[in-house]
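To keep things clear, I will list the structure first and then write my remarks on it.
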Amino acid sequence: MQLLPLVAVLSSLAYAGIVGQAVVTKYGTKILYVYHPLGGLAFLVFATLGVFTAQRPRSERGPGKHKALIDQHALYQIAATLCALATFGTIYVNKERNGYMHLKSNHGMAGAAVVAAWLCTQMSGSLCWYFPKLLGASLRRVYALHGLFGYAVVLGVVGVHALAVQSGYTYLPKGSNLYYGAAGALAAVVVGLLAGVHVKPLLSPLVKKAHKKTA
């Protein structure tokens with residue numbers, strides 16, 4: 001098992017623990033708003049777990065385990081999708097109830113864009129795995145694009161959380177150990193995810209397609 005991708009998972013859990021504790025300490029669990037950050041934390045953890053399962057090299061999968069790992073990847077991504085929708089839904093309803101404007105902050109605009117991109121990425125992955133005949137000869141190319149956009153969107157999720165930390169939405173005092181701990185955990189998630197990228201399977205179908213067009 002590769003160490004750095006596992007570090008990404010553990011770092012996402014550490015970040016969720018730091019921020020979740022701060023949010024619950026401030027608001028408790030009886031108001032609607034609190035489930036926006038908590039849902040966002042769960043979104044990050046499940047998204048990171050989904051990438052981790054997809055990154056497992058073939059040498060570790062063994063005979064007959066490929067389908068099981070892809071199904072596991074799909075389950076994590078479905079859980080992440082439900083958390084993303086819950087995160088979006090809770091903040092939308094909360095703002096409607098209180099008469100607040102929508103999408104007024106960089107965090108809000110980035111979050112909405114990431115959720116929309118996430119849903120598109122999940123649909124492409126579902127097409128590749130469950131309905132491959134619909135894609136025909138384009139299957140490998142769409143699968144590669146799904147992987148590339150998947151990494152981009154998960155990094156976008158990390159970016160949205162970084163904006164939340166920087167903007168004070170995580171209720172961690174700037175300059176405190178917890179503030180820097182949360183920032184460091186997010187940085188570790190990025191390093192771990194990028195360290196586990198298998199470049200050749202992602203790029204080779206796209207490069208071959210480009211070569212055919214220019215030939």
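Identifiers for the structure tokens are assigned positionally: chains receive A, B, ... in sequence, residues are indexed from 1 per chain, and ligands are indexed from 1 in the order shown.
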Discussion item. Can you pull out the residues contacting Thr48 (chain A)? Cut-off 9 Å, using only C-alpha atoms, and skip same-chain residues under 6 positions away; I want them as a list of chain:residue names.
Written reply: A:Pro5, A:Ala8, A:Val9, A:Ser12, A:Tyr76, A:Val154, A:Val189, A:Leu193
Would you mind exporting the chosen residues as a PDB file, in the first residue's frame, restricted to N, CA, C and O atoms?
```pdb
ATOM      1  N   PRO A   5      -0.762   8.378  -0.307  1.00  0.00           N
ATOM      2  CA  PRO A   5      -2.220   8.421  -0.459  1.00  0.00           C
ATOM      3  C   PRO A   5      -2.960   8.104   0.839  1.00  0.00           C
ATOM      4  O   PRO A   5      -4.021   8.675   1.111  1.00  0.00           O
ATOM      5  N   ALA A   8      -3.148  11.140   2.894  1.00  0.00           N
ATOM      6  CA  ALA A   8      -4.230  12.036   2.475  1.00  0.00           C
ATOM      7  C   ALA A   8      -5.527  11.702   3.204  1.00  0.00           C
ATOM      8  O   ALA A   8      -6.242  12.598   3.674  1.00  0.00           O
ATOM      9  N   VAL A   9      -5.837  10.420   3.304  1.00  0.00           N
ATOM     10  CA  VAL A   9      -7.054   9.992   3.999  1.00  0.00           C
ATOM     11  C   VAL A   9      -6.984  10.360   5.477  1.00  0.00           C
ATOM     12  O   VAL A   9      -7.930  10.940   6.039  1.00  0.00           O
ATOM     13  N   SER A  12      -7.341  14.085   5.984  1.00  0.00           N
ATOM     14  CA  SER A  12      -8.722  14.567   5.840  1.00  0.00           C
ATOM     15  C   SER A  12      -9.520  14.282   7.116  1.00  0.00           C
ATOM     16  O   SER A  12     -10.338  15.099   7.545  1.00  0.00           O
ATOM     17  N   TYR A  76     -18.090   5.138  -2.022  1.00  0.00           N
ATOM     18  CA  TYR A  76     -17.543   6.329  -1.366  1.00  0.00           C
ATOM     19  C   TYR A  76     -17.982   7.597  -2.097  1.00  0.00           C
ATOM     20  O   TYR A  76     -18.307   8.609  -1.473  1.00  0.00           O
ATOM     21  N   VAL A 154     -11.729  17.143  -6.697  1.00  0.00           N
ATOM     22  CA  VAL A 154     -11.379  16.878  -5.293  1.00  0.00           C
ATOM     23  C   VAL A 154     -10.410  17.944  -4.775  1.00  0.00           C
ATOM     24  O   VAL A 154     -10.529  18.408  -3.635  1.00  0.00           O
ATOM     25  N   VAL A 189      -3.380  16.639   2.573  1.00  0.00           N
ATOM     26  CA  VAL A 189      -4.351  15.978   1.693  1.00  0.00           C
ATOM     27  C   VAL A 189      -3.936  16.176   0.234  1.00  0.00           C
ATOM     28  O   VAL A 189      -3.926  15.235  -0.562  1.00  0.00           O
ATOM     29  N   LEU A 193      -2.777  13.151  -2.253  1.00  0.00           N
ATOM     30  CA  LEU A 193      -3.553  12.841  -3.458  1.00  0.00           C
ATOM     31  C   LEU A 193      -2.682  12.904  -4.713  1.00  0.00           C
ATOM     32  O   LEU A 193      -2.736  12.018  -5.572  1.00  0.00           O
TER      33      LEU A 193
END
```
Discussion item. Could you tell me how far CA of Lys95 (chain A) sits from CA of Val24 (chain A), in Å to one decimal place?
Written reply: 19.3 Å
Worksheet entry | Separation of CA of Cys83 (chain A) from CA of Phe43 (chain A) in Å | 5.1 Å
Discussion item. What's around Leu85 (chain A) at 9 Å? Count only C-alpha atoms, leave out sequence neighbours fewer than 5 positions away in its own chain, and write the answer as a PyMOL selection string.
Written reply: chain A and resi 39+80+90+115
Fill in: Given only C-alpha atoms as the counted atoms, nearest of A:Ser105, A:Gln55, A:Ser124, A:Thr87 to Leu194 (chain A)
A:Gln55
Worksheet item: Residues of chain A in helix (DSSP H, G or I) according to DSSP, as a PyMOL selection string?
Response: chain A and resi 3-27+32-55+58-61+66-98+106-130+132-167+177-195+199-214
Fill in: Exercise: Gly17 (chain A) partners within 12 Å, only C-alpha atoms, chain neighbours under 3 positions left out, as a ChimeraX atom specification
/A:10-14,20-25,37-38,41-42,44-45,170,178,181-182,185
Discussion item. One number please: CA of Leu155 (chain A) to CA of Pro132 (chain A), in Å, one decimal.
Written reply: 26.7 Å
